[in-house]
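See below for upload_11.csv, which holds CSV, C-alpha atoms.
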chain,number,residue,atom,x,y,z
A,1,MET,CA,-23.6,-14.7,-6.6
A,2,THR,CA,-22.0,-18.1,-6.0
A,3,PHE,CA,-24.3,-21.0,-5.1
A,4,MET,CA,-23.3,-24.6,-4.3
A,5,GLU,CA,-25.3,-27.8,-4.8
A,6,VAL,CA,-24.5,-30.7,-2.6
A,7,CYS,CA,-26.2,-33.6,-4.4
A,8,GLY,CA,-24.9,-35.7,-7.2
A,9,THR,CA,-28.3,-35.7,-9.0
A,10,HIS,CA,-28.2,-31.9,-9.0
A,11,THR,CA,-24.6,-32.1,-10.4
A,12,VAL,CA,-25.8,-34.1,-13.3
A,13,ALA,CA,-29.0,-32.2,-13.9
A,14,ILE,CA,-27.1,-28.9,-14.0
A,15,ALA,CA,-24.3,-30.2,-16.3
A,16,LYS,CA,-26.5,-32.3,-18.6
A,17,ASN,CA,-29.1,-29.5,-19.2
A,18,GLY,CA,-26.5,-26.8,-19.7
A,19,LEU,CA,-28.1,-24.7,-16.9
A,20,ARG,CA,-24.8,-22.8,-16.3
A,21,ASP,CA,-25.1,-21.5,-19.8
A,22,VAL,CA,-28.6,-20.2,-19.5
A,23,LEU,CA,-27.9,-18.4,-16.3
A,24,PRO,CA,-26.5,-14.8,-16.3
A,25,ASP,CA,-22.8,-14.5,-15.8
A,26,SER,CA,-23.4,-13.0,-12.4
A,27,ILE,CA,-24.6,-16.4,-11.0
A,28,ARG,CA,-22.0,-19.1,-10.5
A,29,LEU,CA,-22.9,-22.7,-9.7
A,30,LEU,CA,-20.4,-24.9,-7.8
A,31,SER,CA,-20.7,-28.6,-7.1
A,32,GLY,CA,-20.0,-29.7,-3.5
A,33,PRO,CA,-19.6,-33.0,-1.7
A,34,GLY,CA,-23.0,-34.4,-2.8
A,35,CYS,CA,-21.9,-37.7,-4.3
A,36,PRO,CA,-21.8,-40.3,-1.5
A,37,VAL,CA,-19.5,-42.5,-3.5
A,38,CYS,CA,-17.1,-39.6,-4.1
A,39,VAL,CA,-16.8,-38.6,-0.5
A,40,THR,CA,-16.2,-42.2,0.7
A,41,SER,CA,-12.7,-42.3,2.1
A,42,ASN,CA,-9.9,-44.6,0.8
A,43,ALA,CA,-9.9,-46.3,4.2
A,44,ASP,CA,-13.6,-47.3,3.8
A,45,ILE,CA,-13.1,-48.5,0.2
A,46,ASP,CA,-10.0,-50.5,1.4
A,47,THR,CA,-12.1,-52.1,4.1
A,48,ALA,CA,-14.8,-53.1,1.6
A,49,ILE,CA,-12.1,-54.7,-0.5
A,50,GLU,CA,-10.8,-56.6,2.5
A,51,PHE,CA,-14.2,-58.1,3.1
A,52,ALA,CA,-14.2,-59.4,-0.5
A,53,ARG,CA,-10.8,-61.1,0.1
A,54,GLN,CA,-12.1,-63.2,3.0
A,55,PRO,CA,-13.0,-66.8,2.2
A,56,GLY,CA,-16.7,-67.6,2.3
A,57,VAL,CA,-17.7,-63.9,2.0
A,58,ILE,CA,-20.0,-62.5,-0.7
A,59,VAL,CA,-19.7,-58.7,-0.9
A,60,THR,CA,-22.9,-56.9,-2.1
A,61,THR,CA,-22.9,-53.2,-3.1
A,62,PHE,CA,-24.8,-50.6,-5.0
A,63,GLY,CA,-23.3,-50.5,-8.6
A,64,ASP,CA,-21.8,-47.0,-8.1
A,65,MET,CA,-19.1,-48.3,-5.7
A,66,MET,CA,-17.7,-51.0,-8.0
A,67,LYS,CA,-15.1,-49.0,-9.9
A,68,VAL,CA,-14.1,-46.5,-7.2
A,69,PRO,CA,-10.4,-46.8,-6.6
A,70,GLY,CA,-9.2,-47.4,-3.0
A,71,SER,CA,-5.6,-47.1,-2.1
A,72,ARG,CA,-4.5,-50.1,-4.1
A,73,SER,CA,-7.5,-51.8,-5.8
A,74,SER,CA,-11.2,-51.5,-6.4
A,75,LEU,CA,-14.2,-53.9,-5.9
A,76,SER,CA,-14.4,-54.2,-9.7
A,77,ALA,CA,-10.7,-55.3,-9.9
A,78,GLU,CA,-11.3,-57.7,-7.0
A,79,LYS,CA,-14.2,-59.2,-8.8
A,80,ALA,CA,-12.1,-59.6,-12.0
A,81,ASP,CA,-9.6,-61.5,-9.8
A,82,GLY,CA,-12.3,-64.0,-8.8
A,83,ARG,CA,-13.7,-62.6,-5.5
A,84,ASP,CA,-17.4,-62.8,-5.1
A,85,VAL,CA,-18.6,-59.2,-5.4
A,86,ARG,CA,-22.2,-58.6,-6.5
A,87,ILE,CA,-24.2,-55.5,-7.4
A,88,VAL,CA,-27.6,-55.2,-5.8
A,89,TYR,CA,-30.4,-52.7,-6.4
A,90,SER,CA,-31.7,-52.8,-2.8
A,91,PRO,CA,-30.6,-54.2,0.5
A,92,LEU,CA,-33.6,-56.5,0.2
A,93,ASP,CA,-31.7,-58.2,-2.6
A,94,ALA,CA,-28.8,-58.8,-0.3
A,95,LEU,CA,-31.1,-60.2,2.3
A,96,ALA,CA,-32.6,-62.6,-0.2
A,97,LEU,CA,-29.1,-63.6,-1.3
A,98,ALA,CA,-28.2,-64.4,2.3
A,99,GLY,CA,-31.3,-66.6,2.5
A,100,ARG,CA,-30.3,-68.5,-0.6
A,101,GLU,CA,-26.6,-68.9,0.4
A,102,PRO,CA,-26.7,-70.1,4.1
A,103,GLY,CA,-23.1,-71.3,3.9
A,104,LYS,CA,-21.7,-67.8,3.0
A,105,GLN,CA,-21.5,-64.6,4.9
A,106,VAL,CA,-23.1,-61.8,2.9
A,107,VAL,CA,-21.6,-58.4,3.6
A,108,PHE,CA,-23.5,-55.3,2.3
A,109,ILE,CA,-21.5,-52.1,1.8
A,110,GLY,CA,-23.6,-49.4,3.2
A,111,VAL,CA,-22.8,-46.1,1.4
A,112,GLY,CA,-25.1,-43.1,1.1
A,113,PHE,CA,-26.7,-40.2,2.9
A,114,GLU,CA,-29.9,-39.9,4.9
A,115,THR,CA,-32.0,-41.0,1.9
A,116,THR,CA,-30.3,-44.4,2.0
A,117,ALA,CA,-29.4,-45.0,5.6
A,118,PRO,CA,-33.0,-45.6,6.8
A,119,LEU,CA,-33.6,-48.4,4.3
A,120,ILE,CA,-30.3,-50.1,5.3
A,121,ALA,CA,-31.6,-49.8,8.9
A,122,ALA,CA,-34.8,-51.4,7.8
A,123,GLY,CA,-32.8,-54.2,6.1
A,124,ILE,CA,-30.9,-54.9,9.4
A,125,LYS,CA,-34.2,-55.0,11.3
A,126,ARG,CA,-35.6,-57.4,8.8
A,127,ALA,CA,-32.5,-59.6,9.1
A,128,ALA,CA,-32.9,-59.5,12.9
A,129,GLU,CA,-36.6,-60.4,12.8
A,130,SER,CA,-36.1,-63.3,10.4
A,131,GLY,CA,-33.1,-64.7,12.4
A,132,LEU,CA,-30.6,-64.4,9.5
A,133,ASP,CA,-27.2,-65.1,10.8
A,134,ASN,CA,-25.2,-64.6,7.6
A,135,PHE,CA,-26.0,-61.0,6.7
A,136,SER,CA,-24.1,-58.0,7.9
A,137,VAL,CA,-23.6,-54.4,7.0
A,138,TYR,CA,-20.4,-52.3,6.8
A,139,SER,CA,-21.8,-48.9,7.6
A,140,ALA,CA,-20.0,-46.1,5.8
A,141,HIS,CA,-23.1,-43.8,5.7
A,142,LYS,CA,-22.8,-40.1,6.2
A,143,THR,CA,-25.1,-37.4,7.3
A,144,VAL,CA,-25.3,-34.1,5.4
A,145,PRO,CA,-26.2,-31.1,7.6
A,146,ALA,CA,-23.0,-30.9,9.8
A,147,ALA,CA,-20.8,-31.4,6.7
A,148,LEU,CA,-22.5,-28.3,5.2
A,149,GLY,CA,-21.6,-26.4,8.4
A,150,ALA,CA,-18.0,-27.5,8.0
A,151,LEU,CA,-18.1,-26.3,4.4
A,152,VAL,CA,-19.5,-22.8,5.0
A,153,ASN,CA,-17.0,-22.5,7.9
A,154,ASP,CA,-14.0,-23.2,5.5
A,155,PRO,CA,-12.3,-19.9,4.6
A,156,GLU,CA,-11.3,-21.4,1.2
A,157,VAL,CA,-14.9,-22.1,0.3
A,158,ALA,CA,-16.8,-19.0,-0.9
A,159,VAL,CA,-20.5,-19.9,-1.0
A,160,GLU,CA,-23.3,-17.4,-0.7
A,161,GLY,CA,-26.2,-19.8,-1.0
A,162,LEU,CA,-26.9,-23.6,-0.8
A,163,ILE,CA,-29.0,-25.7,-3.2
A,164,LEU,CA,-30.0,-28.4,-0.7
A,165,PRO,CA,-30.6,-32.0,-1.7
A,166,GLY,CA,-34.2,-33.0,-2.4
A,167,HIS,CA,-34.4,-36.6,-1.3
A,168,VAL,CA,-32.1,-36.3,1.7
A,169,SER,CA,-34.6,-33.7,2.8
A,170,SER,CA,-37.5,-36.0,2.1
A,171,ILE,CA,-36.2,-37.9,5.1
A,172,ILE,CA,-34.7,-35.2,7.4
A,173,GLY,CA,-37.1,-32.3,6.6
A,174,LEU,CA,-36.3,-28.7,7.1
A,175,GLU,CA,-35.3,-28.4,10.8
A,176,PRO,CA,-31.7,-29.9,10.7
A,177,TYR,CA,-30.6,-27.1,8.2
A,178,ARG,CA,-31.9,-24.3,10.4
A,179,PHE,CA,-28.5,-23.4,11.8
A,180,LEU,CA,-27.2,-22.6,8.3
A,181,ALA,CA,-29.5,-19.6,8.1
A,182,GLU,CA,-29.5,-18.7,11.8
A,183,GLU,CA,-25.8,-19.1,12.7
A,184,TYR,CA,-24.1,-18.6,9.3
A,185,SER,CA,-26.7,-16.4,7.4
A,186,VAL,CA,-26.4,-18.7,4.4
A,187,PRO,CA,-29.6,-18.7,2.3
A,188,SER,CA,-30.6,-22.3,1.5
A,189,VAL,CA,-33.3,-23.8,-0.7
A,190,ILE,CA,-34.3,-27.5,-0.8
A,191,THR,CA,-34.5,-28.1,-4.5
A,192,GLY,CA,-35.9,-30.8,-6.9
A,193,PHE,CA,-34.1,-32.5,-9.8
A,194,GLU,CA,-35.7,-31.4,-13.1
A,195,PRO,CA,-34.2,-28.5,-14.9
A,196,VAL,CA,-37.1,-26.2,-14.0
A,197,ASP,CA,-36.8,-27.3,-10.3
A,198,VAL,CA,-33.1,-26.3,-10.3
A,199,LEU,CA,-33.8,-23.0,-11.9
A,200,GLN,CA,-36.6,-22.3,-9.4
A,201,GLY,CA,-34.1,-23.1,-6.5
A,202,VAL,CA,-31.5,-20.7,-8.0
A,203,TRP,CA,-34.2,-18.0,-8.4
A,204,MET,CA,-35.3,-18.4,-4.8
A,205,LEU,CA,-31.7,-18.2,-3.6
A,206,ALA,CA,-31.0,-15.0,-5.7
A,207,LYS,CA,-34.2,-13.5,-4.3
A,208,GLN,CA,-33.2,-14.2,-0.7
A,209,LEU,CA,-29.8,-12.7,-1.3
A,210,THR,CA,-31.1,-9.5,-3.0
A,211,GLU,CA,-33.7,-9.1,-0.3
A,212,GLY,CA,-31.1,-9.6,2.4
A,213,ARG,CA,-32.8,-12.7,3.9
A,214,ALA,CA,-31.2,-16.0,5.0
A,215,GLU,CA,-33.8,-18.7,5.4
A,216,ILE,CA,-34.3,-22.4,4.7
A,217,GLU,CA,-37.0,-22.6,2.0
A,218,ILE,CA,-38.5,-25.6,0.1
A,219,ALA,CA,-38.8,-25.3,-3.7
A,220,TYR,CA,-39.3,-29.1,-4.1
A,221,THR,CA,-42.6,-29.2,-2.2
A,222,ARG,CA,-43.9,-32.2,-4.2
A,223,GLY,CA,-41.2,-34.4,-2.6
A,224,VAL,CA,-40.4,-32.8,0.7
A,225,PRO,CA,-42.8,-32.1,3.5
A,226,ALA,CA,-41.3,-29.7,6.2
A,227,GLU,CA,-41.2,-32.5,8.8
A,228,GLY,CA,-39.5,-35.0,6.5
A,229,ASN,CA,-40.2,-38.7,7.2
A,230,PRO,CA,-40.3,-39.3,11.0
A,231,THR,CA,-40.7,-43.1,10.6
A,232,ALA,CA,-37.5,-43.2,8.6
A,233,ARG,CA,-35.6,-41.0,11.1
A,234,ALA,CA,-36.8,-43.2,14.0
A,235,LEU,CA,-35.4,-46.3,12.1
A,236,ILE,CA,-32.0,-44.5,11.7
A,237,ASP,CA,-31.9,-43.7,15.4
A,238,GLU,CA,-32.9,-47.2,16.4
A,239,VAL,CA,-30.2,-49.0,14.5
A,240,PHE,CA,-27.4,-46.4,14.2
A,241,GLU,CA,-25.6,-44.0,16.5
A,242,PRO,CA,-23.7,-40.9,15.4
A,243,THR,CA,-19.9,-41.4,15.0
A,244,ASP,CA,-17.1,-39.4,13.5
A,245,ALA,CA,-16.7,-39.9,9.7
A,246,GLU,CA,-13.9,-39.2,7.3
A,247,TRP,CA,-15.0,-37.3,4.2
A,248,ARG,CA,-12.6,-37.4,1.2
A,249,GLY,CA,-11.2,-34.0,0.7
A,250,ILE,CA,-12.7,-32.5,3.8
A,251,GLY,CA,-11.3,-34.7,6.6
A,252,VAL,CA,-13.0,-36.0,9.7
A,253,ILE,CA,-16.3,-34.3,10.6
A,254,PRO,CA,-17.5,-35.1,14.1
A,255,GLY,CA,-20.9,-36.8,14.3
A,256,THR,CA,-21.5,-37.3,10.6
A,257,GLY,CA,-21.0,-41.0,10.4
A,258,LEU,CA,-23.5,-43.7,11.4
A,259,ALA,CA,-22.2,-46.7,13.4
A,260,ILE,CA,-24.3,-49.8,14.1
A,261,ARG,CA,-25.6,-49.8,17.7
A,262,ASP,CA,-24.5,-52.6,20.1
A,263,GLU,CA,-28.0,-54.0,20.1
A,264,PHE,CA,-27.5,-54.8,16.4
A,265,ALA,CA,-23.8,-55.8,16.7
A,266,ALA,CA,-24.6,-59.3,15.2
A,267,PHE,CA,-25.3,-57.4,11.9
A,268,ASP,CA,-22.1,-55.3,12.0
A,269,ALA,CA,-19.7,-56.6,9.4
A,270,LEU,CA,-16.8,-55.2,11.3
A,271,LYS,CA,-17.7,-57.6,14.2
A,272,ARG,CA,-18.9,-60.5,12.1
A,273,VAL,CA,-16.0,-60.6,9.6
A,274,PRO,CA,-13.0,-58.9,11.3
A,275,VAL,CA,-10.6,-57.4,8.8
A,276,SER,CA,-7.4,-55.3,9.0
A,277,PRO,CA,-6.7,-53.5,5.8
A,278,GLU,CA,-3.3,-51.9,5.3
A,279,PRO,CA,-3.0,-48.2,6.1
A,280,PRO,CA,-4.7,-46.1,3.3
A,281,LYS,CA,-2.7,-44.0,0.9
A,282,GLU,CA,-3.7,-41.1,-1.3
A,283,ILE,CA,-4.0,-41.3,-5.1
A,284,PRO,CA,-1.0,-39.3,-6.5
A,285,GLY,CA,-2.0,-36.2,-8.3
A,286,CYS,CA,-5.8,-36.6,-7.8
A,287,GLN,CA,-7.4,-33.3,-6.7
A,288,CYS,CA,-10.9,-34.8,-6.0
A,289,GLY,CA,-10.7,-33.3,-2.5
A,290,GLU,CA,-10.5,-29.7,-3.8
A,291,VAL,CA,-13.1,-30.4,-6.4
A,292,LEU,CA,-15.5,-31.8,-3.7
A,293,ARG,CA,-15.1,-28.6,-1.7
A,294,GLY,CA,-15.7,-26.3,-4.7
A,295,VAL,CA,-12.2,-24.8,-4.3
A,296,ILE,CA,-11.3,-25.8,-7.9
A,297,LEU,CA,-13.5,-26.7,-10.9
A,298,PRO,CA,-13.0,-30.2,-12.3
A,299,TYR,CA,-11.2,-28.9,-15.4
A,300,GLU,CA,-8.7,-27.0,-13.2
A,301,CYS,CA,-7.4,-30.4,-11.9
A,302,ARG,CA,-4.0,-31.3,-13.5
A,303,LEU,CA,-5.2,-34.7,-14.4
A,304,PHE,CA,-8.7,-33.8,-15.9
A,305,ALA,CA,-9.2,-35.1,-19.4
A,306,ARG,CA,-5.5,-36.0,-19.6
A,307,ALA,CA,-4.5,-38.9,-17.3
A,308,CYS,CA,-8.1,-39.0,-15.9
A,309,THR,CA,-11.1,-39.8,-18.1
A,310,PRO,CA,-14.3,-41.8,-17.6
A,311,GLU,CA,-12.7,-44.7,-19.5
A,312,HIS,CA,-9.5,-44.5,-17.3
A,313,PRO,CA,-10.6,-42.7,-14.1
A,314,VAL,CA,-7.9,-41.9,-11.5
A,315,GLY,CA,-10.2,-40.5,-8.8
A,316,PRO,CA,-13.7,-41.2,-7.6
A,317,CYS,CA,-15.2,-37.9,-8.9
A,318,MET,CA,-14.5,-39.2,-12.5
A,319,VAL,CA,-15.6,-42.8,-11.7
A,320,SER,CA,-19.1,-42.1,-10.4
A,321,SER,CA,-21.6,-41.1,-13.0
A,322,GLU,CA,-22.7,-38.5,-10.4
A,323,GLY,CA,-19.2,-37.2,-9.8
A,324,SER,CA,-18.5,-33.6,-10.6
A,325,CYS,CA,-15.6,-34.5,-12.9
A,326,ALA,CA,-17.6,-37.1,-14.8
A,327,ALA,CA,-20.4,-34.6,-15.3
A,328,TYR,CA,-18.1,-31.9,-16.5
A,329,TYR,CA,-16.2,-34.3,-18.8
A,330,ARG,CA,-19.4,-35.5,-20.4
A,331,TYR,CA,-21.5,-32.4,-20.7
A,332,THR,CA,-19.2,-29.3,-20.8
A,333,ASP,CA,-16.5,-28.0,-23.1
A,334,HIS,CA,-14.0,-28.5,-20.3
A,335,GLY,CA,-13.7,-24.8,-19.5
A,336,LYS,CA,-12.7,-23.7,-23.1
A,337,SER,CA,-15.4,-21.0,-23.2
B,1,MET,CA,-27.4,-41.9,-5.9
B,2,CYS,CA,-30.3,-40.4,-3.9
B,3,LEU,CA,-32.5,-40.7,-6.9
B,4,ALA,CA,-36.1,-41.5,-6.1
B,5,ILE,CA,-38.9,-42.1,-8.6
B,6,PRO,CA,-42.6,-41.7,-8.1
B,7,ALA,CA,-44.7,-44.9,-8.2
B,8,GLN,CA,-48.3,-45.8,-7.4
B,9,VAL,CA,-49.1,-48.5,-4.9
B,10,THR,CA,-51.4,-51.1,-6.5
B,11,THR,CA,-51.6,-53.7,-3.7
B,12,VAL,CA,-50.3,-53.9,-0.1
B,13,GLY,CA,-49.2,-57.5,0.7
B,14,ALA,CA,-47.8,-59.4,3.6
B,15,ASN,CA,-44.6,-58.5,5.5
B,16,ASN,CA,-45.0,-54.8,4.7
B,17,MET,CA,-44.3,-55.3,1.1
B,18,ALA,CA,-46.3,-53.7,-1.7
B,19,GLU,CA,-46.7,-54.0,-5.4
B,20,VAL,CA,-46.2,-50.7,-7.2
B,21,ASP,CA,-46.6,-49.4,-10.7
B,22,ILE,CA,-43.7,-47.2,-12.0
B,23,MET,CA,-44.8,-45.9,-15.4
B,24,GLY,CA,-46.2,-49.3,-16.4
B,25,VAL,CA,-43.5,-51.3,-14.8
B,26,THR,CA,-44.5,-53.5,-11.8
B,27,ARG,CA,-42.1,-53.7,-8.9
B,28,HIS,CA,-42.2,-55.0,-5.3
B,29,VAL,CA,-41.1,-52.5,-2.7
B,30,SER,CA,-41.0,-52.3,1.1
B,31,LEU,CA,-43.3,-50.0,3.0
B,32,ASP,CA,-41.1,-50.1,6.2
B,33,LEU,CA,-40.4,-46.4,5.9
B,34,CYS,CA,-44.0,-45.5,4.9
B,35,PRO,CA,-46.3,-47.8,6.8
B,36,GLU,CA,-49.2,-45.5,6.3
B,37,ALA,CA,-49.2,-46.0,2.5
B,38,GLN,CA,-52.2,-47.6,1.0
B,39,ALA,CA,-53.3,-48.9,-2.4
B,40,GLY,CA,-53.8,-46.0,-4.7
B,41,ASP,CA,-51.2,-43.7,-2.9
B,42,HIS,CA,-48.3,-42.3,-4.8
B,43,VAL,CA,-44.9,-42.8,-3.2
B,44,LEU,CA,-41.3,-42.0,-3.9
B,45,VAL,CA,-39.2,-45.2,-4.4
B,46,HIS,CA,-35.5,-45.4,-3.6
B,47,ALA,CA,-33.5,-48.6,-3.7
B,48,GLY,CA,-36.5,-50.9,-3.2
B,49,PHE,CA,-38.2,-48.9,-0.5
B,50,ALA,CA,-41.0,-46.2,-0.5
B,51,ILE,CA,-39.4,-43.3,1.3
B,52,GLN,CA,-42.2,-40.7,1.2
B,53,VAL,CA,-45.9,-40.6,0.3
B,54,VAL,CA,-46.5,-37.8,-2.1
B,55,ASP,CA,-49.6,-35.9,-3.3
B,56,GLU,CA,-51.1,-37.4,-6.5
B,57,GLU,CA,-51.0,-34.1,-8.4
B,58,PHE,CA,-47.4,-33.5,-7.5
B,59,ALA,CA,-46.4,-37.1,-8.5
B,60,LYS,CA,-48.0,-36.6,-11.9
B,61,GLU,CA,-46.1,-33.4,-12.3
B,62,THR,CA,-42.8,-35.2,-11.8
B,63,LEU,CA,-43.9,-38.1,-14.0
B,64,ASP,CA,-44.8,-35.6,-16.8
B,65,LEU,CA,-41.4,-34.1,-16.4
B,66,LEU,CA,-39.7,-37.5,-16.5
B,67,LEU,CA,-41.6,-38.5,-19.6
B,68,GLN,CA,-40.1,-35.6,-21.4
B,69,LEU,CA,-36.7,-37.3,-21.0
B,70,ASP,CA,-35.9,-39.9,-23.6
B,71,MET,CA,-34.6,-42.4,-21.1
B,72,PHE,CA,-37.9,-42.7,-19.3
B,73,ARG,CA,-40.2,-43.0,-22.4
B,74,PRO,CA,-42.2,-46.3,-21.9
B,75,ASP,CA,-41.8,-47.1,-25.6
B,76,GLY,CA,-38.1,-46.7,-25.3
B,77,ALA,CA,-38.1,-44.2,-28.2

Show this structure as structure tokens.
Amino acid sequence: MTFMEVCGTHTVAIAKNGLRDVLPDSIRLLSGPGCPVCVTSNADIDTAIEFARQPGVIVTTFGDMMKVPGSRSSLSAEKADGRDVRIVYSPLDALALAGREPGKQVVFIGVGFETTAPLIAAGIKRAAESGLDNFSVYSAHKTVPAALGALVNDPEVAVEGLILPGHVSSIIGLEPYRFLAEEYSVPSVITGFEPVDVLQGVWMLAKQLTEGRAEIEIAYTRGVPAEGNPTARALIDEVFEPTDAEWRGIGVIPGTGLAIRDEFAAFDALKRVPVSPEPPKEIPGCQCGEVLRGVILPYECRLFARACTPEHPVGPCMVSSEGSCAAYYRYTDHGKS
Amino acid sequence: MCLAIPAQVTTVGANNMAEVDIMGVTRHVSLDLCPEAQAGDHVLVHAGFAIQVVDEEFAKETLDLLLQLDMFRPDGA
């Protein structure tokens, strides 16, 4: 049985706790495109960097994005070159910074799935209500369900069950995944993050498969009500509209991006601080794309633990602490056994 | 990145902000996504926002699991 998780926190939980070793050989766990930083395209990272290069702009970002290489640089390298790039814990911190720095434009790099998108939407609404005119967001958010559809449709990807992300599901609930069971007959279980949670999710998937069922079930009932969080979803819908998004390694998936609606155009960084980055280019030799689709395991990449290590990462899957390559590097024997 | 940690709301203040207790640490979070949360409720906190109100028993279950991990021990041991 081959199951795939699509959440960076699951990637780390499985690797760190050695869960692959305690499962029977007949159960194989793959890591999919569950790390928002890892699936962010070079074009998006290049755009974030261009914002940092504009005079009078402060770029704010979650820490995970800093070291991720774009086509030619990273936010961290730009900061070392003297650009004003600051790590924030919450979009509220970026709003507060904008309040303290009225002479600067504060651009927040919005990266993340449905867990994060509603609170960026809330940040934009707060900026609108308080009349802030120097805060804007570059929205590189992505939504999960349609990407899972693209994955299970990919003939190169052989997945018999999906370990669904817990906190994305806290927001979207059970319904958006229904098509995976009904159209593609892929058993799927919304799973929590502790070792016992993951094992429970795997057990429920194995049970569905052996009983010939394909359903969407919730193992992580303590964090996910079936209806998700309707207030948060309403905020996403109010501020953003679906657009096409480019996923690293997968390509453009229609409707999986979130663009800022015209009503909130004043807070759209692309309109507030227009930039035109050079055309993106791929990182030579990096196989993050194949790793993200579960087509190869991290240690099967030519660069893994040779040219590409956490100290000198080449691709985003080694940079982000939640990336599959970083997790395999830190917590496994690199495929030796 | 989508990590969310259980916290207990201690007081609800102005502007939809609340003071919460996360294993002994006090933080200020927004209730924009959980306007129904009240003092005493347990919530999941992600990037400065409560994203879901959770059952007390279930929150304690997660906290107990977290406390088994060294990095979350309040005494830092």

| field | Point-to-point distance from atom CA of Glu160 of chain A to atom CA of Val144 of chain A, Å rounded to tenths | value |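 Value for the atom CA of Glu160 of chain A-atom CA of Val144 of chain A distance: 17.9 Å.
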
| field | Residue with smallest distance to Ala37 of chain B - pool B:Met1, B:Val25, B:Ala18, B:Ala59, counting all atoms listed in the file | value | B:Ala18

| message | List as a count of residues only the protein and nucleic acid residues near Ser30 of chain B, meaning an atom at most 8 Å away when only C-alpha atoms are counted, but skip any in the same chain fewer than 4 places from it. | response | 6

| Would you list which chain A residues are within 6 Å of chain B using all atoms listed in the file, as a ChimeraX atom specification? | /A:89-90,222,231-232

Please dump the current selection as an mmCIF file, in the coordinates of the input; keep C-alpha atoms.
data_model
loop_
_atom_site.group_PDB
_atom_site.id
_atom_site.type_symbol
_atom_site.label_atom_id
_atom_site.label_comp_id
_atom_site.auth_asym_id
_atom_site.auth_seq_id
_atom_site.Cartn_x
_atom_site.Cartn_y
_atom_site.Cartn_z
ATOM 1 C CA TYR A 89 -30.400 -52.700 -6.400
ATOM 2 C CA SER A 90 -31.700 -52.800 -2.800
ATOM 3 C CA ARG A 222 -43.900 -32.200 -4.200
ATOM 4 C CA THR A 231 -40.700 -43.100 10.600
ATOM 5 C CA ALA A 232 -37.500 -43.200 8.600
#

| task | Please identify all polymer residues within 8 Å of Ala48 of chain A, counting all atoms listed in the file, omitting same-chain residues fewer than 6 positions from it, and present them as an NGL selection string. | result | :A and (59 or 75 or 109 or 138)

| task | Between atom CA of Asn17 of chain A and atom CA of Ile163 of chain A, measure the distance and give it in Å to one decimal. | result |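 Distance reported for this atom pair: 16.4 Å.
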
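Relative to atom CA of Cys317 of chain A, atom CA of Val68 of chain A is found at 8.8 Å.
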
| task | Tell me which protein, DNA and RNA residues are within 10 Å of Asp21 of chain A, counting only C-alpha atoms, leaving out same-chain ones fewer than 5 positions away, and put them as a PyMOL selection string. | result | chain A and resi 14-15+332

| message | Show me, as number ranges by chain, the residues that have an atom within 12 Å of Ala128 of chain A when counting only C-alpha atoms, minus same-chain residues fewer than 3 positions from it. | response | A: 95, 121-125, 131-136, 239, 263-268

| task | Find the residue from B:Ala39, B:Asp64, B:Ile22, B:His28 that sits nearest to Thr10 of chain B; use all atoms listed in the file when measuring. | result |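 Checking each candidate against Thr10 of chain B, we get B:Ala39 as the closest.
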
| request: For Arg178 of chain A, list every protein, DNA or RNA residue within 8 Å, evaluated using only C-alpha atoms, and leave out those in the same chain fewer than 4 positions away; present the list as a PyMOL selection string. | output: chain A and resi 174+182+215-216

| field | Spatial sel., origin (-13.1, -41.4, 2.5), limit 10 Å, all atoms listed in the file, listed as a PyMOL selection string | value | chain A and resi 36-46+70+140+245-252+280+289

| note | Among A:Leu297, A:Val137, A:Val106, A:Ile260, Gly56 of chain A is approached most closely, using only C-alpha atoms, by A:Val106

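Residues of protein, DNA or RNA having at least one counted atom within 12 Å of (-12.5, -62.1, -8.4), given only C-alpha atoms, are Ile49, Ala52, Arg53, Gln54, Pro55, Val57, Ile58, Val59, Ser73, Ser74, Leu75, Ser76, Ala77, Glu78, Lys79, Ala80, Asp81, Gly82, Arg83, Asp84, Val85 and Arg86 of chain A.
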
| query | For Ile236 of chain A, which residue out of A:Pro310, A:Pro118, A:Pro91, A:Pro298 is the nearest one, using all atoms listed in the file? | reply |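 Answer, going by the shortest atom-to-atom distance: A:Pro118.
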